[in-house]
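Structure, as structure tokens:
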Amino acid sequence: GESPFFKYRYDALGYFRDVLKAKYLSDAQIHLLGLIGRPSDEDWHRKIAVGASVNYGKSFLGGGITNWYYDAWGPCIVATTAPSQQSVVDLLWKEVRLQRGRADNRWHIGPQDFIGPQAPSMRRAPDWWAKGYVAAKGENFKGRHVENMCFIFDEAVGLDEMYFRMTKGMFKPNTSH
């Protein structure tokens, strides 16, 4: 049957509220989720940059967007990266794990989604996974092509420009988000 998450493909905000049980979202977070969740119209993929600031909740949003895309757009690939292992595991993927752990049991998401107790990775099938990478080599992103792909750059100011060039080259018009 159809995935219970399919109805959230174009409703990231609804996914945050219903599935992740996010109760206290700021106006800025609500605005961003509205942008990322709507169908792409003028460009064949969406690019959204969130500027650095204190207490904005970027890791919370990054973790939630990882969860939303993984659930609502699968089979898909969600590749996340940050400049350090600590940023990948202890910030962004900590949020991914906490959010899935808080979800109501009826969604059947939680520890079973992860490949290990600390690994920044989830997998349902060979073409359906999410993974956190340390930004050390651009080659980490090469060779990954499926119809639905999402890339999240946490602490992007610390990333080499090659990541953005390589990611742009991986998109296929009319198929990626």
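Ordering of the structure tokens sets the chain letters (A, B, ...), residue numbers begin anew at 1 in every chain, and ligands are numbered from 1 in the order given.
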
Write out as a CSV table (one decimal) with all heavy atoms, in the first residue's frame which residues come within 10 Å of Gln86 in chain A when counting only C-alpha atoms, dropping same-chain ones fewer than 6 positions away.
chain,number,residue,atom,x,y,z
A,92,LEU,N,23.9,17.4,14.0
A,92,LEU,CA,22.8,17.1,13.1
A,92,LEU,C,22.2,15.7,13.3
A,92,LEU,O,20.9,15.6,13.4
A,92,LEU,CB,23.3,17.2,11.6
A,92,LEU,CG,22.2,17.0,10.5
A,92,LEU,CD1,21.2,18.1,10.6
A,92,LEU,CD2,22.8,17.0,9.2
A,93,TRP,N,23.0,14.7,13.3
A,93,TRP,CA,22.4,13.3,13.5
A,93,TRP,C,21.9,13.0,14.9
A,93,TRP,O,21.1,12.1,15.1
A,93,TRP,CB,23.4,12.3,12.9
A,93,TRP,CG,23.2,12.2,11.5
A,93,TRP,CD1,23.8,13.0,10.5
A,93,TRP,CD2,22.4,11.3,10.7
A,93,TRP,NE1,23.4,12.7,9.3
A,93,TRP,CE2,22.5,11.7,9.4
A,93,TRP,CE3,21.6,10.3,11.1
A,93,TRP,CZ2,21.8,11.0,8.4
A,93,TRP,CZ3,20.9,9.6,10.1
A,93,TRP,CH2,21.0,10.0,8.7
A,134,VAL,N,31.5,13.4,6.7
A,134,VAL,CA,32.4,14.5,7.1
A,134,VAL,C,32.9,15.1,5.8
A,134,VAL,O,33.3,14.4,4.9
A,134,VAL,CB,33.6,14.0,8.0
A,134,VAL,CG1,34.6,15.1,8.3
A,134,VAL,CG2,33.0,13.4,9.3

Shell of 6 Å around Ala79 in chain A, only C-alpha atoms, local chain residues under 5 positions omitted, as a PyMOL selection string: chain A and resi 130-131+151

Keeping N, CA and C atoms for every residue in the selection just given, could you write it to a file as a JSON list (two decimals), in the first residue's frame?
[["chain", "number", "residue", "atom", "x", "y", "z"],
["A", 130, "ALA", "N", 19.80, 7.44, 4.12],
["A", 130, "ALA", "CA", 20.26, 8.77, 4.53],
["A", 130, "ALA", "C", 21.58, 8.55, 5.25],
["A", 131, "LYS", "N", 22.53, 9.47, 5.03],
["A", 131, "LYS", "CA", 23.85, 9.28, 5.63],
["A", 131, "LYS", "C", 24.50, 10.64, 5.88],
["A", 151, "PHE", "N", 20.15, 17.07, -0.35],
["A", 151, "PHE", "CA", 21.47, 17.33, 0.21],
["A", 151, "PHE", "C", 21.34, 18.40, 1.27]]

To one decimal place, how far is CA of Phe6 in chain A from CA of Ala72 in chain A in Å?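 Straight-line distance from CA of Phe6 in chain A to CA of Ala72 in chain A works out to 5.2 Å.
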
As a ChimeraX atom specification, please: the residues near Ser26 in chain A (cut-off 12 Å, only C-alpha atoms, same-chain neighbours under 5 positions excluded). /A:13,31-33,55-58,60-61

For the selection just defined, write its residues with N, CA, C and O atoms to a file, as an mmCIF file, in the first residue's frame.
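The resulting selection_15.cif:
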data_model
loop_
_atom_site.group_PDB
_atom_site.id
_atom_site.type_symbol
_atom_site.label_atom_id
_atom_site.label_comp_id
_atom_site.auth_asym_id
_atom_site.auth_seq_id
_atom_site.Cartn_x
_atom_site.Cartn_y
_atom_site.Cartn_z
ATOM 1 N N LEU A 13 5.877 21.135 6.957
ATOM 2 C CA LEU A 13 5.396 21.664 8.236
ATOM 3 C C LEU A 13 4.440 20.672 8.904
ATOM 4 O O LEU A 13 4.548 20.417 10.103
ATOM 5 N N HIS A 31 8.237 29.463 8.218
ATOM 6 C CA HIS A 31 8.440 30.009 6.871
ATOM 7 C C HIS A 31 9.338 29.093 6.044
ATOM 8 O O HIS A 31 9.020 28.772 4.893
ATOM 9 N N LEU A 32 10.458 28.670 6.618
ATOM 10 C CA LEU A 32 11.397 27.807 5.903
ATOM 11 C C LEU A 32 10.744 26.472 5.525
ATOM 12 O O LEU A 32 10.888 25.989 4.399
ATOM 13 N N LEU A 33 10.010 25.877 6.448
ATOM 14 C CA LEU A 33 9.349 24.598 6.158
ATOM 15 C C LEU A 33 8.293 24.760 5.072
ATOM 16 O O LEU A 33 8.080 23.849 4.268
ATOM 17 N N ASN A 55 20.634 30.330 18.352
ATOM 18 C CA ASN A 55 19.285 29.924 18.743
ATOM 19 C C ASN A 55 18.264 29.955 17.612
ATOM 20 O O ASN A 55 17.092 30.176 17.841
ATOM 21 N N TYR A 56 18.708 29.748 16.394
ATOM 22 C CA TYR A 56 17.781 29.693 15.276
ATOM 23 C C TYR A 56 17.194 28.287 15.135
ATOM 24 O O TYR A 56 16.105 28.113 14.631
ATOM 25 N N GLY A 57 17.935 27.289 15.563
ATOM 26 C CA GLY A 57 17.465 25.914 15.449
ATOM 27 C C GLY A 57 17.825 25.268 14.132
ATOM 28 O O GLY A 57 17.065 24.460 13.602
ATOM 29 N N LYS A 58 19.002 25.609 13.581
ATOM 30 C CA LYS A 58 19.413 25.048 12.298
ATOM 31 C C LYS A 58 19.616 23.536 12.372
ATOM 32 O O LYS A 58 19.205 22.819 11.465
ATOM 33 N N PHE A 60 18.190 21.468 14.465
ATOM 34 C CA PHE A 60 16.841 20.927 14.616
ATOM 35 C C PHE A 60 16.160 20.837 13.250
ATOM 36 O O PHE A 60 15.583 19.807 12.886
ATOM 37 N N LEU A 61 16.222 21.932 12.488
ATOM 38 C CA LEU A 61 15.612 21.938 11.159
ATOM 39 C C LEU A 61 16.301 20.950 10.226
ATOM 40 O O LEU A 61 15.640 20.215 9.501
#

May I ask for the distance between CA of Gln99 in chain A and CA of Ile65 in chain A, given in Å to one decimal place?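 Spanning CA of Gln99 in chain A to CA of Ile65 in chain A is a straight-line distance of 10.6 Å.
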